[in-house]
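Asker: Take a look at structure_28.tsv, TSV, C-alpha atoms:
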chain	number	residue	atom	x	y	z
J	1378	MET	CA	23.42	-19.25	-48.42
J	1379	ALA	CA	26.93	-20.51	-49.04
J	1380	GLU	CA	28.47	-18.15	-46.56
J	1381	ARG	CA	26.18	-19.61	-43.88
J	1382	MET	CA	26.86	-23.15	-45.00
J	1383	VAL	CA	30.61	-23.16	-44.35
J	1384	PRO	CA	30.67	-22.18	-40.65
J	1385	LEU	CA	27.62	-24.29	-39.92
J	1386	GLY	CA	29.24	-27.26	-41.65
J	1387	ILE	CA	32.47	-26.85	-39.71
J	1388	ALA	CA	30.63	-26.59	-36.39
J	1389	CYS	CA	28.50	-29.63	-37.27
J	1390	ALA	CA	31.60	-31.66	-38.17
J	1391	VAL	CA	33.37	-30.72	-34.95
J	1392	ALA	CA	30.26	-31.50	-32.89
J	1393	LEU	CA	29.88	-34.91	-34.52
J	1394	LEU	CA	33.56	-35.86	-34.23
J	1395	THR	CA	33.83	-34.84	-30.58
J	1396	ALA	CA	30.60	-36.68	-29.75
J	1397	LEU	CA	32.01	-39.80	-31.37
J	1398	GLY	CA	35.18	-39.29	-29.36
J	1399	VAL	CA	33.23	-39.06	-26.10
J	1400	VAL	CA	31.60	-42.39	-26.87
J	1401	VAL	CA	34.70	-44.19	-28.13
J	1402	VAL	CA	37.60	-42.90	-26.01
J	1403	ARG	CA	38.33	-45.12	-23.01
J	1404	ARG	CA	39.72	-42.69	-20.43
J	1405	PRO	CA	37.03	-40.52	-18.80
J	1406	VAL	CA	39.37	-37.52	-18.55
J	1407	HIS	CA	39.72	-37.43	-22.31
J	1408	CYS	CA	35.97	-37.95	-22.58
J	1409	ALA	CA	35.36	-34.90	-20.40
J	1410	PHE	CA	37.68	-32.73	-22.48
J	1411	LEU	CA	36.00	-33.91	-25.68
J	1412	LEU	CA	32.63	-33.11	-24.12
J	1413	LEU	CA	33.94	-29.60	-23.46
J	1414	LEU	CA	34.89	-29.22	-27.13
J	1415	HIS	CA	31.52	-30.65	-28.12
J	1416	SER	CA	29.72	-28.10	-25.98
J	1417	LEU	CA	31.74	-25.22	-27.44
J	1418	SER	CA	31.07	-26.35	-31.00
J	1419	LEU	CA	27.36	-26.48	-30.20
J	1420	ALA	CA	27.60	-22.93	-28.90
J	1421	ALA	CA	29.11	-21.96	-32.26
J	1422	LEU	CA	26.19	-23.69	-33.98
J	1423	TYR	CA	23.72	-21.73	-31.86
J	1424	LEU	CA	25.48	-18.52	-32.84
J	1425	GLY	CA	25.15	-19.54	-36.49
J	1426	LEU	CA	21.44	-20.09	-35.92
J	1427	SER	CA	21.14	-16.57	-34.45
J	1428	ALA	CA	20.45	-17.86	-30.95
J	1429	ASP	CA	22.95	-15.60	-29.21
J	1430	PHE	CA	21.60	-15.86	-25.70
J	1431	VAL	CA	21.36	-19.65	-25.81
J	1432	ALA	CA	24.95	-19.76	-27.09
J	1433	MET	CA	26.12	-17.67	-24.14
J	1434	GLY	CA	24.14	-19.89	-21.79
J	1435	GLN	CA	25.72	-22.94	-23.37
J	1436	ILE	CA	29.20	-21.54	-22.83
J	1437	THR	CA	28.72	-20.28	-19.29
J	1438	ILE	CA	26.37	-22.91	-17.85
J	1439	TYR	CA	27.27	-25.95	-19.87
J	1440	SER	CA	30.96	-25.59	-20.63
J	1441	GLY	CA	31.73	-23.52	-17.57
J	1442	ALA	CA	29.76	-25.34	-14.91
J	1443	ILE	CA	28.49	-28.75	-15.96
J	1444	VAL	CA	31.48	-30.04	-17.93
J	1445	VAL	CA	33.94	-28.71	-15.37
J	1446	LEU	CA	31.90	-30.47	-12.67
J	1447	PHE	CA	32.28	-33.63	-14.73
J	1448	LEU	CA	36.03	-33.07	-14.85
J	1449	PHE	CA	36.27	-32.69	-11.08
J	1450	VAL	CA	34.26	-35.84	-10.42
J	1451	VAL	CA	36.37	-37.80	-12.92
J	1452	LEU	CA	39.50	-36.71	-11.08
J	1453	LEU	CA	37.97	-37.87	-7.78
J	1454	LEU	CA	37.20	-41.36	-9.04
J	1455	PRO	CA	39.56	-44.24	-8.21
J	1456	GLU	CA	41.91	-44.82	-11.16
J	1457	ALA	CA	40.01	-41.96	-12.80
J	1458	GLY	CA	37.15	-44.35	-13.44
J	1459	ARG	CA	38.92	-46.42	-16.05
J	1460	GLU	CA	36.81	-49.23	-17.43
J	1461	ARG	CA	37.42	-52.57	-19.05
J	1462	PRO	CA	36.91	-52.81	-22.82
J	1463	ALA	CA	33.43	-53.77	-23.92
J	1464	GLY	CA	32.78	-57.25	-25.25
J	1465	ALA	CA	31.81	-57.96	-28.84
J	1466	GLY	CA	28.18	-58.61	-27.94
J	1467	ARG	CA	27.92	-55.24	-26.21
J	1468	VAL	CA	29.50	-53.45	-29.15
J	1469	LEU	CA	27.10	-55.13	-31.55
J	1470	LEU	CA	24.11	-54.24	-29.36
J	1471	ALA	CA	25.23	-50.61	-29.11
J	1472	LEU	CA	25.89	-50.25	-32.83
J	1473	GLY	CA	22.56	-51.89	-33.63
J	1474	GLY	CA	20.66	-49.64	-31.25
J	1475	GLY	CA	22.38	-46.54	-32.61
J	1476	ALA	CA	21.69	-47.58	-36.20
J	1477	VAL	CA	18.01	-48.18	-35.48
J	1478	ILE	CA	17.61	-44.79	-33.83
J	1479	LEU	CA	19.53	-43.07	-36.64
J	1480	ALA	CA	17.40	-44.72	-39.31
J	1481	ALA	CA	14.18	-43.87	-37.48
J	1482	LEU	CA	15.24	-40.21	-37.16
J	1483	LEU	CA	16.69	-39.77	-40.65
J	1484	GLU	CA	13.90	-41.42	-42.58
J	1485	PRO	CA	11.36	-38.58	-42.22
J	1486	MET	CA	14.13	-36.07	-42.88
J	1487	LEU	CA	15.03	-37.72	-46.18
J	1488	ALA	CA	11.39	-37.62	-47.18
J	1489	LEU	CA	11.41	-33.95	-46.26
J	1490	SER	CA	14.48	-33.22	-48.35
J	1491	GLY	CA	13.21	-35.02	-51.43
J	1492	SER	CA	9.87	-33.23	-51.67
J	1493	GLY	CA	9.67	-30.77	-54.54
J	1494	GLU	CA	11.46	-27.46	-54.75
J	1495	PRO	CA	13.99	-26.51	-52.11
J	1496	PRO	CA	12.38	-24.32	-49.48
J	1497	ALA	CA	13.37	-20.70	-49.39
J	1498	ALA	CA	15.81	-19.85	-46.64
J	1499	PRO	CA	13.97	-18.13	-43.81
J	1500	PRO	CA	15.04	-14.56	-43.15
J	1501	ASP	CA	17.07	-13.80	-40.08
J	1502	PRO	CA	14.41	-13.30	-37.41
J	1503	GLY	CA	16.68	-11.03	-35.39
J	1504	PHE	CA	16.00	-12.44	-31.96
J	1505	SER	CA	16.61	-10.12	-29.03
J	1506	VAL	CA	17.13	-10.79	-25.37
J	1507	ALA	CA	14.07	-8.64	-24.68
J	1508	GLY	CA	11.94	-10.95	-26.82
J	1509	LEU	CA	13.36	-13.96	-25.01
J	1510	ALA	CA	12.53	-12.39	-21.66
J	1511	ARG	CA	8.97	-11.63	-22.83
J	1512	SER	CA	8.55	-15.30	-23.70
J	1513	LEU	CA	10.27	-16.53	-20.53
J	1514	PHE	CA	8.25	-14.35	-18.17
J	1515	GLY	CA	5.08	-14.47	-20.21
J	1516	PRO	CA	3.70	-17.68	-21.72
J	1517	GLN	CA	6.56	-19.82	-20.38
J	1518	LEU	CA	6.42	-18.49	-16.83
J	1519	VAL	CA	5.18	-21.69	-15.18
J	1520	PRO	CA	7.88	-23.99	-16.63
J	1521	PHE	CA	10.47	-21.36	-15.86
J	1522	GLU	CA	9.42	-21.14	-12.23
J	1523	LEU	CA	9.26	-24.92	-11.99
J	1524	THR	CA	12.97	-25.10	-12.83
J	1525	ALA	CA	13.61	-23.50	-9.43
J	1526	VAL	CA	11.81	-26.41	-7.77
J	1527	LEU	CA	13.71	-28.84	-9.98
J	1528	LEU	CA	17.09	-27.42	-9.02
J	1529	PHE	CA	16.13	-27.35	-5.35
J	1530	VAL	CA	15.08	-30.99	-5.43
J	1531	ALA	CA	18.28	-31.87	-7.29
J	1532	ILE	CA	20.40	-30.20	-4.64
J	1533	ILE	CA	18.57	-31.99	-1.84
J	1534	GLY	CA	18.91	-35.27	-3.74
J	1535	GLY	CA	22.62	-34.77	-4.25
J	1536	VAL	CA	23.22	-34.05	-0.58
J	1537	ALA	CA	21.05	-36.98	0.49
J	1538	LEU	CA	22.86	-39.38	-1.84
J	1539	TRP	CA	26.20	-38.24	-0.51
J	1540	ASN	CA	25.31	-38.29	3.20
J	1541	ARG	CA	23.38	-41.52	3.42
J	1542	ARG	CA	26.26	-43.98	3.26
J	1543	PRO	CA	28.79	-43.16	5.98
J	1544	ALA	CA	26.31	-43.52	8.86
J	1545	GLU	CA	25.68	-47.25	8.41
J	1546	PRO	CA	28.80	-49.12	7.28
J	1547	SER	CA	30.93	-48.14	10.27
J	1548	ARG	CA	30.00	-51.34	12.05
Z	159	MET	CA	24.33	-40.06	-44.78
Z	160	THR	CA	24.93	-36.56	-46.12
Z	161	GLY	CA	24.83	-37.68	-49.73
Z	162	PRO	CA	21.10	-37.50	-50.44
Z	163	LEU	CA	20.76	-34.51	-48.16
Z	164	ASN	CA	23.29	-32.51	-50.13
Z	165	ALA	CA	21.09	-32.78	-53.22
Z	166	THR	CA	18.63	-30.18	-51.90
Z	167	VAL	CA	21.02	-28.42	-49.64
Z	168	ALA	CA	19.07	-25.24	-50.23
Z	169	ALA	CA	18.53	-25.19	-46.51
Z	170	PRO	CA	21.54	-25.30	-44.19
Z	171	GLU	CA	18.81	-26.16	-41.73
Z	172	LEU	CA	18.74	-29.64	-43.21
Z	173	LEU	CA	22.40	-30.14	-42.39
Z	174	VAL	CA	21.83	-29.09	-38.78
Z	175	LEU	CA	18.78	-31.33	-38.58
Z	176	ALA	CA	20.76	-34.34	-39.80
Z	177	THR	CA	23.57	-33.45	-37.39
Z	178	SER	CA	21.20	-33.45	-34.44
Z	179	ALA	CA	19.77	-36.81	-35.49
Z	180	ALA	CA	23.27	-38.24	-35.75
Z	181	LEU	CA	24.21	-36.75	-32.38
Z	182	PHE	CA	21.20	-38.39	-30.77
Z	183	ALA	CA	22.10	-41.74	-32.33
Z	184	ILE	CA	25.69	-41.36	-31.11
Z	185	GLY	CA	24.36	-40.69	-27.61
Z	186	VAL	CA	22.22	-43.83	-27.74
Z	187	THR	CA	25.21	-45.84	-28.91
Z	188	GLY	CA	27.32	-44.56	-26.04
Z	189	LEU	CA	24.53	-45.25	-23.57
Z	190	LEU	CA	24.46	-48.90	-24.66
Z	191	LEU	CA	28.21	-49.27	-25.14
Z	192	ARG	CA	29.80	-47.85	-22.00
Z	193	ARG	CA	29.72	-49.33	-18.53
Z	194	ASN	CA	31.43	-46.46	-16.74
Z	195	PRO	CA	28.71	-44.31	-15.11
Z	196	MET	CA	30.58	-41.15	-16.07
Z	197	ALA	CA	30.61	-42.09	-19.74
Z	198	VAL	CA	26.94	-43.06	-19.58
Z	199	LEU	CA	26.13	-39.63	-18.13
Z	200	MET	CA	28.13	-37.93	-20.87
Z	201	SER	CA	26.19	-39.90	-23.49
Z	202	ILE	CA	22.96	-38.68	-21.96
Z	203	GLU	CA	24.29	-35.12	-22.09
Z	204	ILE	CA	25.00	-35.57	-25.80
Z	205	MET	CA	21.40	-36.69	-26.34
Z	206	LEU	CA	20.09	-33.67	-24.41
Z	207	ASN	CA	22.28	-31.42	-26.57
Z	208	ALA	CA	20.89	-33.01	-29.74
Z	209	GLY	CA	17.37	-32.21	-28.58
Z	210	ASN	CA	18.43	-28.67	-27.73
Z	211	LEU	CA	19.86	-28.22	-31.21
Z	212	VAL	CA	16.50	-29.13	-32.76
Z	213	LEU	CA	14.73	-26.64	-30.49
Z	214	VAL	CA	17.06	-23.81	-31.52
Z	215	LEU	CA	16.78	-24.82	-35.17
Z	216	ALA	CA	12.99	-24.81	-34.98
Z	217	ALA	CA	13.06	-21.34	-33.44
Z	218	ARG	CA	15.24	-20.16	-36.34
Z	219	ALA	CA	13.05	-21.76	-38.99
Z	220	ARG	CA	9.76	-20.56	-37.53
Z	221	GLY	CA	10.98	-17.17	-36.41
Z	222	MET	CA	9.58	-17.73	-32.93
Z	223	VAL	CA	11.65	-17.21	-29.81
Z	224	ASP	CA	9.87	-19.91	-27.80
Z	225	GLY	CA	12.38	-22.50	-28.95
Z	226	HIS	CA	15.13	-20.56	-27.24
Z	227	THR	CA	13.13	-20.58	-24.03
Z	228	GLY	CA	12.75	-24.32	-24.28
Z	229	ALA	CA	16.46	-24.71	-24.93
Z	230	LEU	CA	17.28	-22.72	-21.80
Z	231	LEU	CA	14.91	-24.87	-19.76
Z	232	VAL	CA	16.58	-28.02	-21.13
Z	233	LEU	CA	19.93	-26.53	-20.12
Z	234	VAL	CA	18.69	-26.27	-16.52
Z	235	LEU	CA	17.39	-29.83	-16.79
Z	236	GLY	CA	20.86	-30.94	-17.87
Z	237	ALA	CA	22.38	-29.25	-14.85
Z	238	ALA	CA	19.98	-30.99	-12.47
Z	239	GLU	CA	20.60	-34.30	-14.19
Z	240	ALA	CA	24.36	-33.83	-13.87
Z	241	VAL	CA	24.06	-33.13	-10.13
Z	242	ILE	CA	22.04	-36.27	-9.43
Z	243	GLY	CA	24.02	-38.44	-11.83
Z	244	LEU	CA	27.40	-37.38	-10.49
Z	245	ALA	CA	26.25	-37.89	-6.90
Z	246	LEU	CA	25.11	-41.38	-7.89
Z	247	ALA	CA	28.42	-42.08	-9.61
Z	248	LEU	CA	30.40	-40.94	-6.59
Z	249	ALA	CA	28.24	-43.01	-4.23
Z	250	PHE	CA	28.71	-45.96	-6.56
Z	251	PHE	CA	32.48	-45.64	-6.58
Z	252	ARG	CA	32.67	-44.96	-2.87
Z	253	ASP	CA	32.45	-48.65	-2.02
Z	254	ARG	CA	35.64	-49.34	-3.91
Z	255	PRO	CA	38.72	-49.59	-1.66
Z	256	ALA	CA	40.63	-46.88	-3.52
Z	257	ALA	CA	37.79	-44.36	-3.37
Z	258	ASP	CA	39.02	-42.46	-0.35
Z	259	VAL	CA	39.54	-38.97	-1.69
Z	260	ASP	CA	41.40	-37.91	1.44
Z	261	THR	CA	44.30	-40.22	0.67
Z	262	GLN	CA	47.13	-38.52	-1.12
Z	263	GLY	CA	47.87	-39.53	-4.64
Z	264	GLU	CA	44.28	-40.36	-5.43
Z	265	VAL	CA	43.51	-37.24	-7.40
Z	266	HIS	CA	45.06	-37.98	-10.73
Z	267	GLY	CA	44.03	-38.22	-14.35
Show me, as structure tokens, the structure contained in the file I just sent.

Answerer:
Amino acid sequence: MAERMVPLGIACAVALLTALGVVVVRRPVHCAFLLLLHSLSLAALYLGLSADFVAMGQITIYSGAIVVLFLFVVLLLPEAGRERPAGAGRVLLALGGGAVILAALLEPMLALSGSGEPPAAPPDPGFSVAGLARSLFGPQLVPFELTAVLLFVAIIGGVALWNRRPAEPSR
Amino acid sequence: MTGPLNATVAAPELLVLATSAALFAIGVTGLLLRRNPMAVLMSIEIMLNAGNLVLVLAARARGMVDGHTGALLVLVLGAAEAVIGLALALAFFRDRPAADVDTQGEVHG
């Protein structure tokens, strides 16, 4: 138990700190780098939860593609997308909203932790890629195939958003 | 936050569960706090990641691989969301005078 607790705790701490950094840091470039660290720490968490394939997907797809795409777009923005500091009212609203969500999510968890004897740690299920594939191409086939449609629509949407503007404002 | 949870820390799962809740709350805070579209998108990504973490944790606790499948599908969803969101952000910033990416000296950090 303890030997699982330490790496999981470290990964959790890094994930939380980097997420806070993404929200707080002003310059989007630093935000993007912190998001990269956040994604890698989540991959470590997935490894600790014996989700090897998801961890690899997180590293290759998320850190490798999505976050790097973020970095490129940030570098394309004028003044790297710097923003003015938020007013006090906005900060209060954000903190209040975050606190409400946190309380709503943590309350059932606290009830769960306080109930009776601590639950026995589940044994390592020993997930395999073959089992994942059986699930992906078996019961989850329809959602999996629908992701192809989703990505296709997203590509078309991205191209349409980018191409629409220059035709009109020339006059 | 971790104080009462540490009392019955028998399950490291509880720590991960609390982490994902905190991550989601952080994402909501960023969503309300920031006005830069890039930062808003990153907050949304944090919230997606928090949901993914719960899916993977549930797969571990239940011993069923379906959570991993769901996590992979959410990963694809995040990619599609990033494409649309970044295109929107670029279109939004394109109206600004300094948004011409062909001008030298524009690509900086």

Asker: Pick from J:Gly1466, J:Pro1520, J:Pro1384, J:Gly1515: nearest to Tyr1423 in chain J, with all atoms listed in the file counted?

Answerer: J:Pro1384

Asker: Let me make sure I understand: among Z:Arg192, Z:Gly221, Z:Ala197, Z:Pro170, which one has the smallest atom-to-atom distance to Val1406 in chain J if we use all atoms listed in the file?

Answerer: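 Looking at the shortest contact to Val1406 in chain J, the residue is Z:Ala197.
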
Asker: For a quick check of understanding, using all atoms listed in the file, which of Z:Ala217, Z:Leu235, Z:Arg252, Z:Val241 has the smallest distance to Ala1525 in chain J?

Answerer: Z:Leu235

Asker: Hey, can you check how far CA of Pro1405 in chain J sits from CA of Gly209 in chain Z?

Answerer: 23.5 Å

Asker: Quick one: everything within 8 Å of Val186 in chain Z, counting all atoms listed in the file, minus sequence neighbours fewer than 2 positions away in the same chain. Send it as a tab-separated table (two decimals) with C-alpha atoms, in the coordinates of the input.

Answerer:
chain	number	residue	atom	x	y	z
J	1471	ALA	CA	25.23	-50.61	-29.11
J	1474	GLY	CA	20.66	-49.64	-31.25
J	1475	GLY	CA	22.38	-46.54	-32.61
J	1478	ILE	CA	17.61	-44.79	-33.83
Z	182	PHE	CA	21.20	-38.39	-30.77
Z	183	ALA	CA	22.10	-41.74	-32.33
Z	184	ILE	CA	25.69	-41.36	-31.11
Z	188	GLY	CA	27.32	-44.56	-26.04
Z	189	LEU	CA	24.53	-45.25	-23.57
Z	190	LEU	CA	24.46	-48.90	-24.66
Z	201	SER	CA	26.19	-39.90	-23.49
Z	202	ILE	CA	22.96	-38.68	-21.96
Z	205	MET	CA	21.40	-36.69	-26.34
